[in-house]
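Participant: What follows is upload.cif, mmCIF, C-alpha atoms.
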data_structure
loop_
_atom_site.label_atom_id
_atom_site.label_comp_id
_atom_site.auth_asym_id
_atom_site.auth_seq_id
_atom_site.Cartn_x
_atom_site.Cartn_y
_atom_site.Cartn_z
CA MET K 1 -8.98 -3.79 29.04
CA ILE K 2 -6.44 -5.80 27.05
CA LEU K 3 -7.50 -6.10 23.40
CA LYS K 4 -6.71 -9.10 21.21
CA ILE K 5 -6.21 -7.86 17.66
CA LEU K 6 -5.75 -10.00 14.53
CA TYR K 7 -4.63 -8.76 11.11
CA ILE K 8 -5.40 -10.95 8.08
CA SER K 9 -3.70 -9.96 4.84
CA PRO K 10 -2.62 -11.50 1.53
CA GLU K 11 0.88 -10.15 2.16
CA ASN K 12 2.93 -7.86 4.41
CA THR K 13 3.26 -5.57 1.40
CA VAL K 14 5.05 -2.48 2.75
CA GLY K 15 5.85 -3.58 6.29
CA THR K 16 2.89 -1.92 8.03
CA LEU K 17 1.69 -5.20 9.55
CA THR K 18 4.95 -5.48 11.50
CA LEU K 19 4.73 -1.84 12.57
CA TRP K 20 1.14 -2.18 13.76
CA ARG K 21 1.86 -5.37 15.65
CA LYS K 22 4.68 -3.71 17.60
CA LYS K 23 2.62 -0.59 18.30
CA HIS K 24 -0.38 -2.57 19.61
CA GLN K 25 1.94 -4.59 21.84
CA GLU K 26 3.54 -1.39 23.17
CA LYS K 27 0.06 -0.31 24.21
CA GLY K 28 -0.30 -3.51 26.23
CA ASN K 29 -2.54 -5.33 23.78
CA ILE K 30 -2.11 -8.70 22.07
CA CYS K 31 -1.64 -8.63 18.29
CA ARG K 32 -1.00 -11.33 15.69
CA THR K 33 -0.79 -11.14 11.92
CA VAL K 34 -1.72 -13.80 9.36
CA THR K 35 -0.50 -13.54 5.77
CA PHE K 36 -1.40 -15.74 2.82
CA PHE K 37 1.97 -15.32 1.10
CA ARG K 38 5.53 -14.56 2.18
CA SER K 39 6.67 -10.99 1.50
CA PRO K 40 9.00 -10.77 -1.54
CA LYS K 41 10.64 -7.76 0.15
CA LYS K 42 11.46 -9.97 3.14
CA PHE K 43 9.47 -8.10 5.74
CA GLU K 44 9.08 -9.83 9.08
CA GLU K 45 6.39 -12.54 9.15
CA ASP K 46 4.24 -13.76 12.04
CA ILE K 47 1.83 -16.50 10.91
CA CYS K 48 2.44 -17.08 7.20
CA LEU K 49 0.32 -19.72 5.46
CA ASN K 50 2.51 -19.94 2.32
CA LEU K 51 -0.51 -20.64 0.12
CA PRO K 52 -0.16 -21.50 -3.58
CA PHE K 53 -1.39 -19.27 -6.45
CA ASN K 54 0.30 -16.07 -5.29
CA PHE K 55 -0.93 -13.41 -7.73
CA THR K 56 1.15 -10.71 -6.04
CA LEU K 57 4.19 -12.21 -7.82
CA PRO K 58 4.95 -10.39 -11.11
CA PHE K 59 4.75 -13.42 -13.40
CA MET K 60 1.50 -14.62 -11.78
CA SER K 61 0.09 -11.10 -12.05
CA LYS K 62 0.87 -11.09 -15.79
CA ILE K 63 -0.91 -14.43 -16.23
CA ARG K 64 -3.95 -13.09 -14.37
CA ASN K 65 -4.03 -9.97 -16.54
CA ILE K 66 -3.89 -12.00 -19.77
CA PHE K 67 -6.69 -14.21 -18.47
CA PHE K 68 -8.87 -11.23 -17.49
CA LYS K 69 -8.58 -9.74 -20.97
CA LEU K 70 -11.02 -12.45 -22.02
CA TYR K 71 -13.62 -10.79 -19.81
CA ARG K 72 -12.65 -7.14 -19.45
CA GLY K 73 -11.03 -6.28 -22.77
CA THR K 74 -7.62 -4.74 -23.46
CA ASP K 75 -7.08 -3.40 -19.92
CA GLY K 76 -7.60 -6.86 -18.45
CA TYR K 77 -7.47 -6.99 -14.66
CA TYR K 78 -6.47 -3.31 -14.53
CA LYS K 79 -9.82 -2.11 -15.86
CA GLU K 80 -11.58 -0.32 -13.02
CA LYS K 81 -14.91 -1.72 -11.88
CA LYS K 82 -17.98 0.46 -11.62
CA GLY K 83 -20.26 0.75 -8.61
CA TYR K 84 -20.52 2.57 -5.29
CA PRO K 85 -19.05 0.43 -3.97
CA PRO K 86 -18.01 -1.90 -6.79
CA VAL K 87 -18.87 -5.51 -5.97
CA TRP K 88 -16.77 -8.61 -6.57
CA GLY K 89 -18.20 -11.39 -8.71
CA LYS K 90 -16.97 -14.35 -10.72
CA GLU K 91 -15.96 -13.19 -14.19
CA GLY K 92 -17.11 -16.30 -16.02
CA PHE K 93 -16.99 -20.10 -16.13
CA LEU K 94 -13.20 -20.44 -16.21
CA ASP K 95 -12.73 -17.92 -13.41
CA GLY K 96 -15.33 -19.72 -11.32
CA LEU K 97 -13.69 -23.09 -11.96
CA PHE K 98 -10.25 -21.80 -10.97
CA LEU K 99 -11.59 -20.24 -7.76
CA LYS K 100 -13.33 -23.50 -6.84
CA ILE K 101 -10.12 -25.51 -7.30
CA LYS K 102 -8.06 -22.88 -5.42
CA ASP K 103 -10.42 -22.88 -2.44
CA ILE K 104 -10.39 -26.70 -2.26
CA ILE K 105 -6.57 -26.62 -2.03
CA TRP K 106 -6.44 -23.71 0.39
CA LYS K 107 -9.17 -24.77 2.83
CA PRO K 108 -7.37 -27.56 4.78
CA ILE K 109 -4.29 -25.34 5.23
CA ILE K 110 -6.45 -22.52 6.57
CA LEU K 111 -8.47 -24.77 8.88
CA ARG K 112 -5.28 -26.12 10.44
CA ALA K 113 -4.02 -22.58 11.05
CA ILE K 114 -7.32 -21.52 12.63
CA LYS K 115 -7.16 -24.42 15.06
CA LYS K 116 -3.42 -24.18 15.78
CA HIS K 117 -3.45 -20.42 16.49
CA ASP K 118 -6.97 -20.17 17.98
CA LEU K 119 -7.94 -17.55 15.40
CA TYR K 120 -11.54 -17.27 16.52
CA ASN K 121 -10.38 -16.00 19.91
CA PHE K 122 -9.68 -12.31 19.13
CA ASP K 123 -11.67 -9.13 19.75
CA ILE K 124 -10.88 -7.05 16.67
CA TYR K 125 -10.21 -8.41 13.18
CA HIS K 126 -8.47 -6.26 10.58
CA PHE K 127 -9.05 -7.66 7.10
CA GLU K 128 -6.40 -6.02 4.95
CA SER K 129 -7.80 -5.82 1.40
CA GLY K 130 -11.27 -6.51 2.79
CA ILE K 131 -11.21 -10.22 1.95
CA ASP K 132 -11.75 -13.45 3.87
CA PHE K 133 -9.50 -16.48 3.44
CA LEU K 134 -11.90 -18.01 0.90
CA LYS K 135 -14.44 -16.52 -1.47
CA ASN K 136 -17.33 -18.18 0.41
CA GLU K 137 -16.43 -15.96 3.41
CA PHE K 138 -16.83 -18.84 5.87
CA PHE K 139 -14.46 -17.32 8.46
CA VAL K 140 -16.20 -13.94 8.52
CA LYS K 141 -19.60 -15.61 8.78
CA GLU K 142 -18.44 -17.44 11.90
CA LEU K 143 -16.97 -14.24 13.35
CA GLU K 144 -20.29 -12.47 12.82
CA LYS K 145 -22.09 -15.26 14.71
CA ARG K 146 -19.67 -14.79 17.60
CA GLY K 147 -20.20 -11.03 17.72
CA LYS K 148 -16.64 -10.06 16.76
CA LYS K 149 -15.70 -6.59 15.52
CA ILE K 150 -14.64 -6.61 11.87
CA ILE K 151 -12.59 -3.89 10.16
CA CYS K 152 -11.95 -3.77 6.41
CA HIS K 153 -8.83 -1.91 5.33
CA TYR K 154 -8.96 -1.27 1.59
CA HIS K 155 -5.96 -0.58 -0.62
CA GLY K 156 -5.68 0.34 -4.29
CA GLU K 157 -6.73 -2.67 -6.37
CA ASP K 158 -9.20 -3.85 -3.73
CA LEU K 159 -11.88 -1.38 -4.75
CA ARG K 160 -10.58 -0.25 -8.14
CA ASN K 161 -10.25 -3.65 -9.79
CA ARG K 162 -11.86 -6.27 -7.52
CA GLY K 163 -14.70 -4.76 -5.50
CA ILE K 164 -16.07 -5.46 -2.03
CA MET K 165 -16.96 -8.97 -0.87
CA PRO K 166 -20.72 -8.91 -0.18
CA PHE K 167 -20.94 -10.47 3.29
CA ILE K 168 -17.92 -8.86 4.91
CA ASP K 169 -19.04 -5.46 3.63
CA LYS K 170 -22.46 -6.04 5.19
CA VAL K 171 -21.15 -6.93 8.66
CA ALA K 172 -18.02 -4.73 8.91
CA SER K 173 -18.07 -2.31 11.84
CA LEU K 174 -15.54 -0.01 10.18
CA ASN K 175 -13.96 0.57 6.75
CA ILE K 176 -10.66 2.45 6.41
CA THR K 177 -8.24 3.32 3.62
CA ASN K 178 -4.92 5.11 3.14
CA GLU K 179 -5.83 6.16 -0.42
CA VAL K 180 -7.82 9.30 -1.13
CA ASP K 181 -9.35 8.10 -4.42
CA LEU K 182 -10.98 5.16 -2.62
CA LEU K 183 -13.01 7.62 -0.52
CA GLU K 184 -15.07 8.12 -3.68
CA LYS K 185 -15.63 4.39 -4.19
CA HIS K 186 -17.42 3.45 -0.97
CA PRO K 187 -20.23 5.29 0.87
CA LYS K 188 -18.94 4.32 4.33
CA ILE K 189 -15.15 4.57 4.49
CA ASN K 190 -12.73 6.55 6.65
CA TYR K 191 -9.25 7.87 5.93
CA LEU K 192 -6.10 6.92 7.83
CA PHE K 193 -2.61 8.13 6.95
CA LEU K 194 -0.08 5.40 6.25
CA PRO K 195 1.88 4.70 9.45
CA TYR K 196 5.67 4.78 9.54
CA ASN K 197 8.48 5.26 12.03
CA THR K 198 9.46 8.59 10.50
CA LYS K 199 12.27 9.10 13.02
CA LEU K 200 14.35 6.22 11.67
CA PHE K 201 16.38 8.54 9.46
CA LYS K 202 18.18 11.86 9.72
CA ILE K 203 18.54 14.37 6.90
CA ARG K 204 21.93 13.94 5.25
CA GLU K 205 24.03 16.31 3.15
CA LEU K 206 23.41 16.39 -0.61
CA SER K 207 25.74 14.48 -2.92
CA LYS K 208 29.08 16.22 -3.41
CA LYS K 209 29.15 15.89 -7.20
CA LYS K 210 26.11 15.11 -9.35
CA ILE K 211 22.63 15.16 -7.85
CA ARG K 212 21.43 11.59 -7.36
CA VAL K 213 17.86 10.83 -8.49
CA ALA K 214 16.07 7.59 -7.57
CA HIS K 215 12.87 5.81 -8.64
CA ALA K 216 11.67 2.56 -7.03
CA PRO K 217 8.68 1.05 -8.86
CA THR K 218 6.95 -2.09 -7.67
CA ASN K 219 4.76 -1.90 -10.77
CA ARG K 220 6.05 0.13 -13.71
CA LEU K 221 2.61 0.47 -15.28
CA TYR K 222 1.09 1.91 -12.12
CA LYS K 223 3.99 4.28 -11.48
CA GLY K 224 4.25 5.70 -15.00
CA SER K 225 7.85 4.52 -14.96
CA ILE K 226 8.26 4.73 -18.74
CA TYR K 227 8.11 8.55 -18.52
CA ILE K 228 10.26 8.76 -15.37
CA ILE K 229 13.02 6.52 -16.71
CA GLN K 230 13.02 8.35 -20.04
CA ALA K 231 13.39 11.80 -18.43
CA CYS K 232 16.06 10.65 -15.96
CA LYS K 233 18.17 8.88 -18.55
CA LYS K 234 18.14 11.96 -20.76
CA LEU K 235 19.28 14.19 -17.88
CA GLU K 236 21.89 11.61 -16.94
CA LYS K 237 23.16 11.58 -20.52
CA ASP K 238 23.35 15.38 -20.38
CA GLY K 239 25.57 15.05 -17.30
CA LEU K 240 23.19 16.76 -14.85
CA ILE K 241 22.22 13.83 -12.62
CA LYS K 242 23.08 10.30 -11.61
CA PHE K 243 20.03 8.03 -11.99
CA ASP K 244 19.37 5.05 -9.72
CA LEU K 245 16.52 2.68 -10.69
CA ILE K 246 15.76 0.72 -7.52
CA GLU K 247 13.93 -2.40 -8.59
CA GLY K 248 13.86 -6.07 -7.58
CA TYR K 249 15.70 -5.67 -4.27
CA SER K 250 14.79 -6.69 -0.74
CA HIS K 251 13.29 -3.84 1.27
CA LYS K 252 16.47 -3.50 3.35
CA VAL K 253 18.68 -3.04 0.28
CA ALA K 254 16.12 -0.77 -1.40
CA LEU K 255 16.09 1.51 1.66
CA GLU K 256 19.88 1.70 1.69
CA LYS K 257 19.90 2.72 -1.96
CA LYS K 258 17.06 5.20 -1.53
CA ASN K 259 18.83 6.87 1.41
CA LYS K 260 21.68 7.84 -0.94
CA ALA K 261 19.32 9.84 -3.18
CA ASP K 262 18.95 13.62 -3.24
CA ILE K 263 15.70 13.50 -5.22
CA PHE K 264 13.11 10.72 -5.28
CA ILE K 265 10.37 10.33 -7.90
CA ASP K 266 7.33 8.35 -6.82
CA GLN K 267 4.96 8.35 -9.80
CA VAL K 268 3.35 10.26 -12.65
CA GLY K 269 -0.24 9.62 -13.65
CA ASP K 270 -3.05 8.23 -11.52
CA ARG K 271 -3.01 4.71 -12.95
CA GLY K 272 -2.09 3.09 -9.65
CA GLY K 273 -3.96 5.49 -7.39
CA TRP K 274 -3.62 9.16 -6.63
CA GLY K 275 -0.64 10.96 -5.22
CA TYR K 276 1.76 8.89 -3.20
CA GLY K 277 2.28 5.80 -1.08
CA MET K 278 4.85 4.20 1.20
CA ASN K 279 7.67 4.94 -1.24
CA SER K 280 7.15 8.65 -0.65
CA VAL K 281 6.59 8.27 3.09
CA GLU K 282 10.03 6.63 3.28
CA SER K 283 11.78 9.23 1.12
CA LEU K 284 10.20 12.14 3.01
CA SER K 285 11.29 10.52 6.30
CA MET K 286 14.83 10.57 4.93
CA GLY K 287 14.54 14.28 4.17
CA ILE K 288 14.65 13.66 0.42
CA CYS K 289 13.07 16.10 -2.03
CA THR K 290 10.18 14.04 -3.41
CA LEU K 291 8.38 14.38 -6.74
CA THR K 292 4.98 12.90 -7.56
CA GLU K 293 1.80 13.82 -9.39
CA ILE K 294 -0.82 15.43 -7.14
CA ASN K 295 -4.14 15.97 -8.93
CA ASP K 296 -6.57 18.76 -7.99
CA LYS K 297 -8.72 16.61 -5.69
CA TYR K 298 -5.69 15.33 -3.79
CA ASN K 299 -4.27 18.85 -3.63
CA ASN K 300 -7.49 20.01 -1.96
CA PHE K 301 -7.35 17.09 0.49
CA ILE K 302 -3.78 17.84 1.65
CA PRO K 303 -3.09 21.44 0.56
CA ASP K 304 -0.04 21.73 2.84
CA HIS K 305 1.76 18.80 1.18
CA PRO K 306 5.55 19.06 0.63
CA PHE K 307 5.74 17.40 -2.81
CA VAL K 308 7.10 18.81 -6.02
CA ASN K 309 4.01 18.33 -8.18
CA VAL K 310 4.85 16.91 -11.60
CA ASN K 311 3.21 15.09 -14.50
CA LYS K 312 4.65 13.32 -17.52
CA ASP K 313 4.78 16.60 -19.46
CA THR K 314 6.43 18.74 -16.77
CA LEU K 315 8.72 16.13 -15.18
CA PHE K 316 11.81 16.73 -17.32
CA GLU K 317 11.87 20.52 -16.88
CA LYS K 318 11.07 20.37 -13.13
CA LEU K 319 13.82 17.82 -12.60
CA LYS K 320 16.30 19.86 -14.61
CA GLU K 321 15.39 22.99 -12.64
CA LEU K 322 15.97 21.19 -9.34
CA ALA K 323 19.24 19.62 -10.47
CA LEU K 324 20.58 23.14 -10.99
CA ASP K 325 19.36 24.48 -7.62
CA ARG K 326 20.71 22.62 -4.57
CA ASN K 327 19.15 25.10 -2.15
CA LYS K 328 15.69 24.31 -3.48
CA ILE K 329 16.32 20.56 -3.19
CA ASN K 330 17.45 21.04 0.39
CA SER K 331 14.42 23.19 1.26
CA PHE K 332 11.94 20.62 -0.08
CA GLY K 333 13.73 17.90 1.87
CA ILE K 334 13.58 19.76 5.20
CA ASN K 335 9.90 20.68 4.77
CA GLY K 336 9.07 17.13 3.73
CA LYS K 337 10.67 15.70 6.85
CA LYS K 338 8.60 17.98 9.13
CA TRP K 339 5.38 17.22 7.24
CA VAL K 340 5.76 13.43 7.24
CA GLU K 341 6.45 13.39 10.99
CA LYS K 342 3.28 15.38 11.60
CA TYR K 343 0.95 13.21 9.52
CA HIS K 344 2.51 9.77 9.05
CA ASP K 345 4.45 9.00 12.21
CA ILE K 346 3.14 5.82 13.85
CA GLU K 347 2.54 7.65 17.14
CA ASN K 348 0.07 10.07 15.55
CA VAL K 349 -1.54 7.53 13.20
CA SER K 350 -2.09 5.03 16.03
CA LYS K 351 -3.96 7.69 18.02
CA LYS K 352 -6.33 8.09 15.08
CA LEU K 353 -6.80 4.32 14.75
CA TYR K 354 -7.65 3.98 18.43
CA SER K 355 -10.13 6.84 18.12
CA TYR K 356 -11.82 4.75 15.41
CA TYR K 357 -11.81 1.81 17.85
CA ASN K 358 -13.75 4.00 20.27
CA THR K 359 -16.48 4.48 17.67
CA ILE K 360 -17.04 0.70 17.49
CA GLY K 361 -17.16 0.12 21.22
CA PHE K 362 -13.54 -0.20 22.43
#
Show the structure stored in the file as structure tokens.

Facilitator:
Amino acid sequence: MILKILYISPENTVGTLTLWRKKHQEKGNICRTVTFFRSPKKFEEDICLNLPFNFTLPFMSKIRNIFFKLYRGTDGYYKEKKGYPPVWGKEGFLDGLFLKIKDIIWKPIILRAIKKHDLYNFDIYHFESGIDFLKNEFFVKELEKRGKKIICHYHGEDLRNRGIMPFIDKVASLNITNEVDLLEKHPKINYLFLPYNTKLFKIRELSKKKIRVAHAPTNRLYKGSIYIIQACKKLEKDGLIKFDLIEGYSHKVALEKKNKADIFIDQVGDRGGWGYGMNSVESLSMGICTLTEINDKYNNFIPDHPFVNVNKDTLFEKLKELALDRNKINSFGINGKKWVEKYHDIENVSKKLYSYYNTIGF
């Protein structure tokens, strides 16, 4: 049986939409992806709607956060919602008015895309972020009438700060996430490791002179970058390392810069989710010694992880210790490469996804 699979996502955030599309096609299935906004990291696009009001852009995100402080207090949009699962709702009159105007502008663009690309004619629908095109969930309601299989794939802010959309949560056949902390925010959700082509890179030799340390935040607040930059700049001033802050580049350029690092620091603190994300999957695939904060719950979930576990208080000393021990850096890099191939390679992750498909009738 040839499956027709459609991914709907605000953005091709870390390139996984492209990876999944190619993998599904390799398996003989048909796969398309629809994004609301063009990827700022210039990942490949399929059907991109180029909608206005893109709150994934930094300046738009700042405006949203200021606006949400009216309703949620000093943390603004970043204040976590309560509930199991937390549920989305209009925050107030102004929020409701904005959403009404936005949906009026978006709707004709979306309807044209549905007709042009025959978007009702698929078997499986992956809703990245667990949201429909519009807040009234008109598309999902029609899919439910037609007996389509609906999958919600939740990422960080989706459950932490926004909450589930009521109708899609009711009719979804499957919920999945790549983030361990979200397993505690929904009663019916399954884990899936982030997919990546982990064989793209080979382990290289360490830098000849100073150890090169990199950090690549997409959101400094979430990554605890203030502590990382502070520690790295002090060690750089002391002459122990060369620090590379990778920020504001296309994904291609960012990868090139990251692949020159000997040590990569993902994050400290759990502000943007526990543990690690695609940044670490990439660095581990390159055989780079990778530092991040792994809390006790995450440590129990993946006890064989290859990370150097740090927090804002231990980061400086751990980094200094590594900078003076090239053998240890090399050992962490080799182990990390083996581990990431075992758990995150697209071949293994796709097998798990298709086993989930079996549970919903495919």

Participant: Rounded to one decimal in Å, what is the spacing between CA of Gly83 in chain K and CA of Lys312 in chain K?

Facilitator: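 Going from CA of Gly83 in chain K over to CA of Lys312 in chain K covers 29.3 Å.
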
Participant: Enclose all atoms of range 11-30 of chain K listed in the file in an axis-aligned box, grow every side by 8 Å, and hand back centre and edge lengths in Å to one decimal, as JSON.

Facilitator:
{"center_x": 1.7, "center_y": -5.2, "center_z": 13.8, "size_x": 24.4, "size_y": 25.8, "size_z": 40.8}

Participant: Listing only residues of range 157-176 of chain K within 12 Å of range 266-280 of chain K, what is the closest atom pair and its distance in Å (to one decimal) for each, using all atoms listed in the file, sorted by chain and residue number ascending, as JSON lines?

Facilitator:
{"residue": "K:Glu157", "atom": "CA", "partner": "K:Gly272", "partner_atom": "CA", "distance": 8.1}
{"residue": "K:Asp158", "atom": "CA", "partner": "K:Gly273", "partner_atom": "CA", "distance": 11.3}
{"residue": "K:Leu159", "atom": "CA", "partner": "K:Gly273", "partner_atom": "CA", "distance": 10.8}
{"residue": "K:Arg160", "atom": "CA", "partner": "K:Gly273", "partner_atom": "CA", "distance": 8.8}
{"residue": "K:Asn161", "atom": "CA", "partner": "K:Gly272", "partner_atom": "CA", "distance": 10.6}

Participant: For Gly287 in chain K, which of K:Glu144, K:Asp313, K:Glu179, K:Asp262 is the closest residue, counting all atoms listed in the file?

Facilitator: K:Asp262

Participant: What's the separation between CA of Gly76 in chain K and CA of Lys62 in chain K, in Å to one decimal place?

Facilitator: 9.8 Å

Participant: What lies within 12 Å of His186 in chain K using all atoms listed in the file, ignoring chain neighbours under 6 positions off, as a list in words?

Facilitator: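 Everything that qualifies: Lys82, Gly83, Tyr84, Pro85, Pro86, Val87, Cys152, His153, Tyr154, Asp158, Leu159, Arg160, Gly163, Ile164, Asp169, Leu174, Asn175, Ile176, Thr177, Glu179 and Val180 of chain K.
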
Participant: Starting from the shown file, work through the PyMOL selection byres ((chain K and resi 300-311) around 8) and note down what comes out as a list of chain:residue names.

Facilitator: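 Selection result, ordered by chain and number: K:Val180, K:Val268, K:Gly269, K:Cys289, K:Thr290, K:Leu291, K:Thr292, K:Glu293, K:Ile294, K:Asp296, K:Lys297, K:Tyr298, K:Asn299, K:Lys312, K:Asp313, K:Thr314, K:Leu315, K:Lys318, K:Phe332, K:Asn335, K:Gly336, K:Trp339.
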
Participant: Go ahead and dump the residues you just picked, C-alpha atoms, as an mmCIF file, in the frame of the given file.

Facilitator:
data_model
loop_
_atom_site.group_PDB
_atom_site.id
_atom_site.type_symbol
_atom_site.label_atom_id
_atom_site.label_comp_id
_atom_site.auth_asym_id
_atom_site.auth_seq_id
_atom_site.Cartn_x
_atom_site.Cartn_y
_atom_site.Cartn_z
ATOM 1 C CA VAL K 180 -7.820 9.300 -1.130
ATOM 2 C CA VAL K 268 3.350 10.260 -12.650
ATOM 3 C CA GLY K 269 -0.240 9.620 -13.650
ATOM 4 C CA CYS K 289 13.070 16.100 -2.030
ATOM 5 C CA THR K 290 10.180 14.040 -3.410
ATOM 6 C CA LEU K 291 8.380 14.380 -6.740
ATOM 7 C CA THR K 292 4.980 12.900 -7.560
ATOM 8 C CA GLU K 293 1.800 13.820 -9.390
ATOM 9 C CA ILE K 294 -0.820 15.430 -7.140
ATOM 10 C CA ASP K 296 -6.570 18.760 -7.990
ATOM 11 C CA LYS K 297 -8.720 16.610 -5.690
ATOM 12 C CA TYR K 298 -5.690 15.330 -3.790
ATOM 13 C CA ASN K 299 -4.270 18.850 -3.630
ATOM 14 C CA LYS K 312 4.650 13.320 -17.520
ATOM 15 C CA ASP K 313 4.780 16.600 -19.460
ATOM 16 C CA THR K 314 6.430 18.740 -16.770
ATOM 17 C CA LEU K 315 8.720 16.130 -15.180
ATOM 18 C CA LYS K 318 11.070 20.370 -13.130
ATOM 19 C CA PHE K 332 11.940 20.620 -0.080
ATOM 20 C CA ASN K 335 9.900 20.680 4.770
ATOM 21 C CA GLY K 336 9.070 17.130 3.730
ATOM 22 C CA TRP K 339 5.380 17.220 7.240
#
